[in-house]
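Content type mmCIF, C-alpha atoms and all ligand atoms, from the file start10.cif:
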```
data_final
#
loop_
_atom_site.label_atom_id
_atom_site.label_comp_id
_atom_site.auth_asym_id
_atom_site.auth_seq_id
_atom_site.Cartn_x
_atom_site.Cartn_y
_atom_site.Cartn_z
CA MET K 152 1.78 22.18 17.54
CA LYS K 153 1.23 18.52 16.56
CA TYR K 154 4.10 16.32 15.40
CA PHE K 155 3.78 13.54 12.83
CA ALA K 156 6.30 11.25 11.15
CA VAL K 157 6.75 8.39 8.74
CA ILE K 158 8.64 5.57 10.47
CA GLY K 159 10.47 2.94 8.43
CA ASP K 160 13.72 1.26 7.42
CA PRO K 161 14.69 2.57 4.91
CA VAL K 162 12.76 5.83 5.09
CA SER K 163 14.91 8.41 3.33
CA HIS K 164 13.19 7.76 -0.03
CA SER K 165 9.70 8.39 1.36
CA ILE K 166 7.78 11.30 -0.14
CA SER K 167 5.21 11.21 2.69
CA PRO K 168 6.72 14.29 4.43
CA ILE K 169 6.27 16.32 1.24
CA LEU K 170 2.62 15.24 0.83
CA HIS K 171 1.66 15.72 4.47
CA ASN K 172 3.50 19.02 5.01
CA MET K 173 1.81 20.48 1.93
CA ALA K 174 -1.59 19.43 3.30
CA ILE K 175 -0.71 20.95 6.71
CA PHE K 176 0.29 24.19 5.00
CA GLU K 177 -2.65 24.41 2.58
CA LEU K 178 -5.22 23.60 5.27
CA GLY K 179 -3.62 26.07 7.73
CA LEU K 180 -2.99 23.49 10.47
CA ASP K 181 -0.53 23.87 13.34
CA ALA K 182 1.61 20.77 12.76
CA VAL K 183 4.79 19.46 11.21
CA TYR K 184 5.60 16.07 9.62
CA THR K 185 9.05 14.51 9.50
CA ARG K 186 10.66 11.11 8.86
CA TYR K 187 12.20 8.75 11.41
CA HIS K 188 14.57 5.94 10.60
CA LEU K 189 13.83 3.03 12.94
CA LYS K 190 15.72 -0.24 12.60
CA LYS K 191 14.07 -2.39 15.27
CA SER K 192 10.38 -3.08 14.66
CA SER K 193 9.88 -3.99 18.33
CA GLU K 194 10.78 -0.36 19.19
CA ILE K 195 7.95 1.16 17.13
CA VAL K 196 5.75 2.15 20.08
CA ASN K 197 8.68 3.39 22.20
CA ALA K 198 9.83 5.55 19.30
CA PHE K 199 6.31 6.89 18.74
CA ILE K 200 5.95 7.86 22.43
CA SER K 201 9.44 9.25 22.95
CA LEU K 202 9.17 11.43 19.84
CA GLY K 203 5.93 12.87 21.23
CA LEU K 204 4.03 12.09 18.03
CA SER K 205 0.32 12.69 17.56
CA GLY K 206 0.34 10.32 14.60
CA ALA K 207 2.59 8.34 12.30
CA ASN K 208 2.66 6.50 9.04
CA VAL K 209 4.40 3.16 9.27
CA THR K 210 6.23 1.62 6.36
CA ILE K 211 8.46 -1.38 5.59
CA PRO K 212 9.21 -3.45 7.66
CA HIS K 213 7.25 -2.31 10.73
CA LYS K 214 3.59 -2.67 9.70
CA GLU K 215 2.92 -5.99 11.44
CA PHE K 216 4.61 -4.80 14.65
CA ALA K 217 2.61 -1.57 14.56
CA LEU K 218 -0.57 -3.66 14.68
CA ALA K 219 0.73 -6.06 17.31
CA LEU K 220 2.00 -3.35 19.67
CA CYS K 221 -0.79 -0.74 19.48
CA ASP K 222 -3.46 -0.35 22.18
CA GLU K 223 -6.49 -0.49 19.85
CA ALA K 224 -6.83 -1.48 16.20
CA SER K 225 -9.49 -0.87 13.58
CA SER K 226 -11.25 -3.94 12.20
CA MET K 227 -9.70 -3.21 8.80
CA ALA K 228 -6.16 -3.33 10.25
CA LYS K 229 -6.97 -6.51 12.18
CA ASN K 230 -8.46 -8.21 9.13
CA ILE K 231 -5.54 -7.22 6.91
CA GLY K 232 -3.01 -8.13 9.59
CA SER K 233 -0.94 -4.96 9.52
CA ALA K 234 -1.17 -1.22 10.22
CA ASN K 235 0.23 1.70 8.24
CA THR K 236 -1.20 4.51 10.40
CA LEU K 237 -0.90 5.16 14.15
CA VAL K 238 -2.86 7.87 15.96
CA PHE K 239 -2.46 9.00 19.58
CA LYS K 240 -5.74 9.85 21.28
CA ASN K 241 -7.21 9.46 24.78
CA ASN K 242 -3.75 8.37 25.97
CA LYS K 243 -3.83 5.33 23.67
CA ILE K 244 -2.23 4.39 20.37
CA TYR K 245 -4.81 3.46 17.73
CA ALA K 246 -3.76 1.52 14.60
CA TYR K 247 -5.37 1.70 11.16
CA ASN K 248 -4.66 0.42 7.67
CA THR K 249 -5.39 2.76 4.75
CA ASP K 250 -3.43 0.81 2.07
CA GLY K 251 -6.41 -1.31 1.01
CA LEU K 252 -8.86 1.56 0.62
CA GLY K 253 -6.13 3.68 -0.97
CA PHE K 254 -5.65 0.96 -3.57
CA LEU K 255 -9.40 0.63 -4.16
CA LYS K 256 -9.75 4.37 -4.77
CA SER K 257 -6.83 4.29 -7.17
CA ILE K 258 -8.56 1.72 -9.40
CA SER K 259 -11.97 3.42 -9.30
CA ASP K 260 -11.66 4.22 -13.01
CA PHE K 261 -11.11 0.53 -13.89
CA SER K 262 -14.48 -0.90 -14.96
CA GLU K 263 -16.10 -4.29 -14.34
CA ILE K 264 -13.30 -6.02 -12.49
CA LYS K 265 -14.55 -9.48 -11.51
CA SER K 266 -11.27 -11.34 -11.11
CA ALA K 267 -7.73 -10.41 -10.11
CA LEU K 268 -4.35 -12.02 -9.76
CA VAL K 269 -2.21 -10.60 -6.96
CA ILE K 270 1.49 -11.27 -7.54
CA GLY K 271 3.36 -11.31 -4.23
CA ALA K 272 2.41 -12.36 -0.71
CA GLY K 273 3.82 -9.62 1.52
CA GLY K 274 2.10 -6.90 3.55
CA THR K 275 0.87 -4.94 0.54
CA ALA K 276 -0.56 -8.09 -1.05
CA LYS K 277 -2.51 -8.74 2.16
CA ALA K 278 -4.14 -5.29 2.06
CA ILE K 279 -4.96 -5.44 -1.65
CA ALA K 280 -6.26 -9.03 -1.64
CA TYR K 281 -8.44 -8.26 1.37
CA ILE K 282 -10.07 -5.14 -0.07
CA LEU K 283 -10.69 -6.80 -3.44
CA LYS K 284 -12.35 -9.79 -1.80
CA GLN K 285 -14.48 -7.46 0.34
CA ASN K 286 -15.66 -5.98 -2.95
CA PHE K 287 -16.69 -9.39 -4.31
CA ILE K 288 -13.78 -9.74 -6.70
CA ASP K 289 -12.32 -13.24 -7.14
CA VAL K 290 -8.70 -13.09 -6.01
CA GLU K 291 -5.87 -15.54 -6.60
CA ILE K 292 -2.32 -15.18 -5.30
CA LEU K 293 0.93 -16.03 -7.07
CA ASN K 294 4.18 -15.86 -5.10
CA ARG K 295 7.81 -16.81 -5.68
CA SER K 296 8.13 -18.82 -2.47
CA LEU K 297 5.72 -21.08 -0.62
CA ASP K 298 6.35 -19.82 2.93
CA ARG K 299 4.51 -16.52 2.73
CA LEU K 300 1.47 -18.11 1.08
CA GLU K 301 0.61 -19.80 4.40
CA GLY K 302 -1.28 -16.73 5.63
CA PHE K 303 -3.36 -16.57 2.43
CA LYS K 304 -4.30 -20.20 1.92
CA GLN K 305 -7.50 -20.14 3.96
CA ALA K 306 -9.05 -17.28 2.02
CA TYR K 307 -7.58 -17.48 -1.50
CA GLU K 308 -6.42 -19.88 -4.22
CA CYS K 309 -2.63 -19.71 -3.95
CA TYR K 310 0.14 -20.70 -6.32
CA THR K 311 3.90 -20.62 -6.55
CA TRP K 312 5.77 -20.40 -9.84
CA ASN K 313 5.94 -24.22 -9.81
CA ASP K 314 2.24 -25.07 -9.73
CA PHE K 315 0.62 -22.08 -11.46
CA LEU K 316 -1.54 -22.72 -14.53
CA PRO K 317 -2.32 -19.59 -16.62
CA LYS K 318 -5.91 -18.28 -16.53
CA ASN K 319 -7.75 -15.16 -17.60
CA TYR K 320 -7.97 -12.33 -15.07
CA ASP K 321 -9.45 -8.85 -15.53
CA LEU K 322 -6.72 -7.27 -13.42
CA VAL K 323 -3.13 -8.30 -12.64
CA ILE K 324 -1.33 -6.55 -9.77
CA ASN K 325 2.35 -6.59 -8.97
CA THR K 326 2.72 -6.13 -5.20
CA THR K 327 6.31 -7.41 -5.07
CA SER K 328 9.39 -5.22 -4.89
CA ALA K 329 10.71 -6.78 -8.13
CA GLY K 330 11.52 -3.83 -10.38
CA LEU K 331 11.96 -1.35 -7.52
CA ARG K 332 15.74 -1.29 -7.39
CA ASP K 333 16.43 -3.83 -10.17
CA ASP K 334 15.17 -4.77 -13.63
CA LEU K 335 13.43 -7.99 -12.58
CA LEU K 336 9.95 -9.20 -13.45
CA PRO K 337 7.88 -10.45 -10.48
CA ALA K 338 7.61 -13.93 -12.08
CA PRO K 339 9.25 -15.71 -15.03
CA ILE K 340 8.29 -14.29 -18.42
CA GLU K 341 6.82 -17.68 -19.52
CA ILE K 342 4.30 -17.39 -16.66
CA LEU K 343 3.55 -13.70 -17.09
CA THR K 344 3.09 -13.48 -20.86
CA PRO K 345 -0.05 -15.66 -21.12
CA ILE K 346 -1.60 -13.98 -18.08
CA ILE K 347 -0.93 -10.46 -19.26
CA SER K 348 -1.93 -11.05 -22.85
CA SER K 349 -5.40 -12.13 -21.71
CA SER K 350 -5.98 -9.41 -19.06
CA ARG K 351 -7.45 -5.92 -19.38
CA TYR K 352 -5.75 -3.99 -16.56
CA ALA K 353 -2.32 -4.02 -14.93
CA PHE K 354 -1.33 -2.27 -11.70
CA ASP K 355 2.11 -1.98 -10.12
CA VAL K 356 2.37 -0.74 -6.52
CA ILE K 357 5.83 0.63 -7.31
CA TYR K 358 5.67 4.26 -8.37
CA GLY K 359 7.88 6.75 -10.18
CA LYS K 360 9.18 4.37 -12.84
CA THR K 361 8.00 2.03 -15.58
CA THR K 362 8.93 -1.33 -14.08
CA PRO K 363 9.61 -4.34 -16.33
CA PHE K 364 6.15 -5.62 -15.27
CA LEU K 365 4.42 -2.44 -16.45
CA HIS K 366 6.56 -2.40 -19.55
CA LEU K 367 5.33 -5.88 -20.46
CA ALA K 368 1.73 -4.82 -19.80
CA ILE K 369 2.10 -1.70 -21.97
CA GLN K 370 3.52 -3.85 -24.80
CA ASN K 371 0.36 -5.98 -24.54
CA ASN K 372 -1.92 -2.89 -24.70
CA LEU K 373 -3.33 -3.23 -21.19
CA VAL K 374 -4.65 -0.20 -19.32
CA CYS K 375 -1.84 0.38 -16.81
CA LYS K 376 -1.30 2.26 -13.60
CA ASP K 377 1.65 2.60 -11.22
CA GLY K 378 1.42 3.02 -7.43
CA LEU K 379 1.38 6.81 -7.25
CA ASP K 380 -2.41 7.15 -6.94
CA MET K 381 -2.44 4.46 -4.25
CA LEU K 382 0.25 6.36 -2.35
CA LEU K 383 -1.79 9.54 -2.65
CA HIS K 384 -5.10 8.03 -1.54
CA GLN K 385 -3.69 6.07 1.41
CA ALA K 386 -1.99 9.31 2.52
CA VAL K 387 -5.21 11.35 2.25
CA LEU K 388 -7.06 8.81 4.42
CA ALA K 389 -4.22 8.64 6.96
CA PHE K 390 -3.99 12.45 7.18
CA ASN K 391 -7.69 12.71 7.93
CA LEU K 392 -7.34 10.06 10.66
CA PHE K 393 -4.62 12.23 12.24
CA PHE K 394 -7.25 14.97 12.63
CA ASP K 395 -10.18 12.83 13.87
CA ASN K 396 -11.61 12.53 10.33
CA ASP K 397 -12.79 16.13 10.69
CA LEU K 398 -11.22 17.44 7.47
CA ASP K 399 -12.50 17.59 3.92
CA GLU K 400 -10.89 14.70 1.99
CA TYR K 401 -11.10 16.62 -1.27
CA GLU K 402 -9.13 19.55 0.21
CA ILE K 403 -6.43 17.18 1.51
CA GLN K 404 -6.23 15.45 -1.87
CA LYS K 405 -5.96 18.79 -3.69
CA ALA K 406 -3.06 19.86 -1.44
CA MET K 407 -1.24 16.54 -1.82
CA GLN K 408 -1.70 16.57 -5.60
CA LYS K 409 -0.16 20.05 -5.62
CA ALA K 410 2.85 18.61 -3.75
CA LEU K 411 3.16 15.80 -6.31
CA ARG K 412 3.20 18.30 -9.17
CA LEU K 413 6.17 20.07 -7.55
CA LEU K 414 8.28 16.89 -7.34
P1 LIG D 501 7.10 -7.38 1.70
O1 LIG D 501 8.55 -7.47 2.04
O2 LIG D 501 6.08 -7.60 2.76
O3 LIG D 501 6.78 -8.45 0.49
C1 LIG D 501 7.57 -8.52 -0.63
C2 LIG D 501 7.00 -9.53 -1.63
O4 LIG D 501 7.74 -9.37 -2.84
C3 LIG D 501 7.11 -10.99 -1.24
O5 LIG D 501 5.95 -11.67 -1.69
C4 LIG D 501 8.35 -11.46 -2.01
O6 LIG D 501 8.32 -12.84 -2.37
C5 LIG D 501 8.22 -10.66 -3.27
N1 LIG D 501 9.48 -10.42 -3.96
C6 LIG D 501 10.51 -9.64 -3.59
N2 LIG D 501 11.47 -9.65 -4.53
C7 LIG D 501 11.02 -10.45 -5.54
C8 LIG D 501 11.54 -10.84 -6.80
N3 LIG D 501 12.74 -10.42 -7.20
N4 LIG D 501 10.80 -11.66 -7.59
C9 LIG D 501 9.58 -12.07 -7.19
N5 LIG D 501 9.03 -11.74 -6.00
C10 LIG D 501 9.74 -10.93 -5.18
O7 LIG D 501 6.91 -5.96 1.01
P2 LIG D 501 5.64 -5.01 1.02
O8 LIG D 501 4.43 -5.79 0.63
O9 LIG D 501 5.58 -4.22 2.28
O10 LIG D 501 6.03 -3.96 -0.15
C11 LIG D 501 6.08 -4.40 -1.50
C12 LIG D 501 6.17 -3.19 -2.42
O11 LIG D 501 5.01 -2.37 -2.30
C13 LIG D 501 7.37 -2.28 -2.14
O12 LIG D 501 7.97 -1.99 -3.38
C14 LIG D 501 6.72 -1.03 -1.55
O13 LIG D 501 7.49 0.13 -1.80
C15 LIG D 501 5.39 -1.01 -2.29
N6 LIG D 501 4.31 -0.25 -1.61
C16 LIG D 501 3.65 0.73 -2.31
C17 LIG D 501 2.60 1.44 -1.73
C18 LIG D 501 1.91 2.52 -2.49
O14 LIG D 501 1.13 3.29 -1.88
N7 LIG D 501 2.09 2.64 -3.78
C19 LIG D 501 2.15 1.16 -0.34
C20 LIG D 501 2.89 0.09 0.28
C21 LIG D 501 3.93 -0.57 -0.33
P3 LIG D 501 8.95 -13.98 -1.42
O15 LIG D 501 7.89 -14.33 -0.43
O16 LIG D 501 9.26 -15.10 -2.35
O17 LIG D 501 10.18 -13.40 -0.78
#
```
Could the structure of this file be written out as C-alpha cells, please?
Ligand code: NDP
Amino acid sequence: MKYFAVIGDPVSHSISPILHNMAIFELGLDAVYTRYHLKKSSEIVNAFISLGLSGANVTIPHKEFALALCDEASSMAKNIGSANTLVFKNNKIYAYNTDGLGFLKSISDFSEIKSALVIGAGGTAKAIAYILKQNFIDVEILNRSLDRLEGFKQAYECYTWNDFLPKNYDLVINTTSAGLRDDLLPAPIEILTPIISSSRYAFDVIYGKTTPFLHLAIQNNLVCKDGLDMLLHQAVLAFNLFFDNDLDEYEIQKAMQKALRLL
C-alpha cells in the first residue's frame, strides 16, 4: 500500500484527504491519504521520509522549503519558486508545482484575457503570475507591502497601495488571504472600485465563501469564480504525478468532483 499526505501548518481545514481518498477508492488503487501537521518548514523532508510517504501535497507555509530541500525539481517548480507536490521515486524526492496549471485550467471558460492584475505577492501569486505570463497575458502585481514585491520586480510591473494608479484589466485576481478568516478586502475600496468596475472577470483563490472581494465584483456584474476549481485541478494534476502520470485525468477529476458534491 502507498501512503500519501498533505503537510502544512495549519492543515486541519484541508479537504485534500477527502479529494484524494475518493480518487483512490474510485480508481481502485491500493493507497491511503492523510494529513500531517508540521510546524517547522526545515523538517519537511525528514517528515516525508520518516512517515514513509510515496507522495505529498505541501501547503502553507512549507512550499518554498519543499522546493529548496528536494533532490530534483521540475522546471515549473523552479521557475515559480515553490513546490506543492512531492513524489518519492528512484530513492529521490522530486518536487513539482501544480498550482499554476490548476489555476489556468480553472479559468479555461474565461475568454480573451489579455491583461490581469494579481493582488498579493505570496506563493500563490507567484504561481498564478508565472502561468499567466507564460500564456502571453500582461500581468501587473499589487501588494499591501513593498517587501514581498522584490521577487516580482524583474518580471512584472509592481505596485503597492501607495503608488498604484487604476487601469483597465480583463481579469482581477485576489491571491491574498484577506477575506479568509476576516471580512477584509485585499486593498482599500478606493483602489478596488475603479479597477473592478472596468474589468470583466474576477477570481478569488479563497474557496467555500463569498469573500468581500467577490462580493464587490458581483455587485459590479463581473463574471466571478472562487478557488474551488483551482483546488480541484491542482489536486487532479498532483494525484496523477503520484502515480507516474499513468492515470486518466478525467477519471481522477470525476472522482474528486464526486467528493466535492458530498461535502
Ligand atoms: P502567503 O502567505 O505566501 O501570501 C499572502 C499574501 O496575502 C501576501 O501578499 C500578503 O501581503 C497578503 N495579505 C495577507 N493579508 C492581507 C490583508 N489583510 N490585506 C491585504 N493583503 C494581505 O500566502 P499564499 O500565497 O500561500 O496563500 C494565499 C491564499 O491562497 C490563502 O488563502 C490560501 O488558502 C489560498 N490558496 C488557494 C489555493 C486553491 O487551490 N484555491 C491554492 C493555494 C493557496 P503582505 O506581503 O503585505 O503581507
Practice item. Go through the chains and note each residue within 7 Å of ligand LIG 501 (chain D), using only C-alpha atoms and all ligand atoms, then give the set as JSON, numbers by chain. Key: {"K": [211, 212, 250, 271, 272, 273, 274, 275, 276, 294, 295, 296, 298, 299, 326, 327, 328, 329, 331, 335, 336, 337, 338, 356, 357, 358, 378, 379, 381, 382, 383, 385]}
Produce a file of the selected residues containing C-alpha atoms, as a PDB file, in the frame of the given file.
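Saved file result_29.pdb follows:
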```
ATOM      1  CA  ILE K 211       8.460  -1.380   5.590  1.00  0.00           C
ATOM      2  CA  PRO K 212       9.210  -3.450   7.660  1.00  0.00           C
ATOM      3  CA  ASP K 250      -3.430   0.810   2.070  1.00  0.00           C
ATOM      4  CA  GLY K 271       3.360 -11.310  -4.230  1.00  0.00           C
ATOM      5  CA  ALA K 272       2.410 -12.360  -0.710  1.00  0.00           C
ATOM      6  CA  GLY K 273       3.820  -9.620   1.520  1.00  0.00           C
ATOM      7  CA  GLY K 274       2.100  -6.900   3.550  1.00  0.00           C
ATOM      8  CA  THR K 275       0.870  -4.940   0.540  1.00  0.00           C
ATOM      9  CA  ALA K 276      -0.560  -8.090  -1.050  1.00  0.00           C
ATOM     10  CA  ASN K 294       4.180 -15.860  -5.100  1.00  0.00           C
ATOM     11  CA  ARG K 295       7.810 -16.810  -5.680  1.00  0.00           C
ATOM     12  CA  SER K 296       8.130 -18.820  -2.470  1.00  0.00           C
ATOM     13  CA  ASP K 298       6.350 -19.820   2.930  1.00  0.00           C
ATOM     14  CA  ARG K 299       4.510 -16.520   2.730  1.00  0.00           C
ATOM     15  CA  THR K 326       2.720  -6.130  -5.200  1.00  0.00           C
ATOM     16  CA  THR K 327       6.310  -7.410  -5.070  1.00  0.00           C
ATOM     17  CA  SER K 328       9.390  -5.220  -4.890  1.00  0.00           C
ATOM     18  CA  ALA K 329      10.710  -6.780  -8.130  1.00  0.00           C
ATOM     19  CA  LEU K 331      11.960  -1.350  -7.520  1.00  0.00           C
ATOM     20  CA  LEU K 335      13.430  -7.990 -12.580  1.00  0.00           C
ATOM     21  CA  LEU K 336       9.950  -9.200 -13.450  1.00  0.00           C
ATOM     22  CA  PRO K 337       7.880 -10.450 -10.480  1.00  0.00           C
ATOM     23  CA  ALA K 338       7.610 -13.930 -12.080  1.00  0.00           C
ATOM     24  CA  VAL K 356       2.370  -0.740  -6.520  1.00  0.00           C
ATOM     25  CA  ILE K 357       5.830   0.630  -7.310  1.00  0.00           C
ATOM     26  CA  TYR K 358       5.670   4.260  -8.370  1.00  0.00           C
ATOM     27  CA  GLY K 378       1.420   3.020  -7.430  1.00  0.00           C
ATOM     28  CA  LEU K 379       1.380   6.810  -7.250  1.00  0.00           C
ATOM     29  CA  MET K 381      -2.440   4.460  -4.250  1.00  0.00           C
ATOM     30  CA  LEU K 382       0.250   6.360  -2.350  1.00  0.00           C
ATOM     31  CA  LEU K 383      -1.790   9.540  -2.650  1.00  0.00           C
ATOM     32  CA  GLN K 385      -3.690   6.070   1.410  1.00  0.00           C
TER      33      GLN K 385
END
```
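With all atoms listed in the file as the basis for measurement, K:Ile270 is the residue among K:Leu180, K:Leu413, K:Ile264, K:Ile270 that approaches Pro339 of chain K most closely.
Candidate residues K:Pro161, K:Gly206, K:Gly253, K:Pro168 were compared for distance to Lys190 of chain K, and the nearest is K:Pro161, using only C-alpha atoms.
Interatomic distance, atom CA of Ile169 of chain K to atom CA of Arg186 of chain K: 10.2 Å.
Counting only C-alpha atoms and comparing K:Leu388, K:Cys375, K:Ala174, K:Leu398, the residue that lies closest to Asp260 of chain K is K:Cys375.
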Check your understanding: Neighbours of Asn197 of chain K within 12 Å (only C-alpha atoms; same-chain residues fewer than 4 positions away dropped), as an NGL selection string?
Key -> :K and (158 or 189 or 191-193 or 201-204 or 216-217 or 220-221 or 244)
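In this model, the gap between atom CA of Ala207 of chain K and atom CA of Thr236 of chain K comes to 5.7 Å.
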Exercise for review: Quick one: everything within 12 Å of Lys376 of chain K, counting only C-alpha atoms, minus sequence neighbours fewer than 5 positions away in the same chain. Send it as an MDAnalysis selection string.
Suggested key: chainID K and resid 254 257:261 322:325 351:362 364:366 368:369 381
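The shortest atom-to-atom distance to Ala246 of chain K, with only C-alpha atoms taken into account, belongs to K:Ala389 out of K:Thr344, K:Ala389, K:Ile200, K:Gly302.
Ranking K:Ile166, K:Leu373, K:Leu297, K:Val209 by their shortest atom-to-atom distance to Asn313 of chain K, with all atoms listed in the file included, puts K:Leu297 first.
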Check your understanding: Of the residues K:Ile347, K:Met173, K:Ala267, K:Ile342, which is the one nearest to Met407 of chain K, using all atoms listed in the file?
Key -> K:Met173
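Distance-wise, atom CA of Asp222 of chain K and atom CA of Ala198 of chain K end up 14.8 Å apart.
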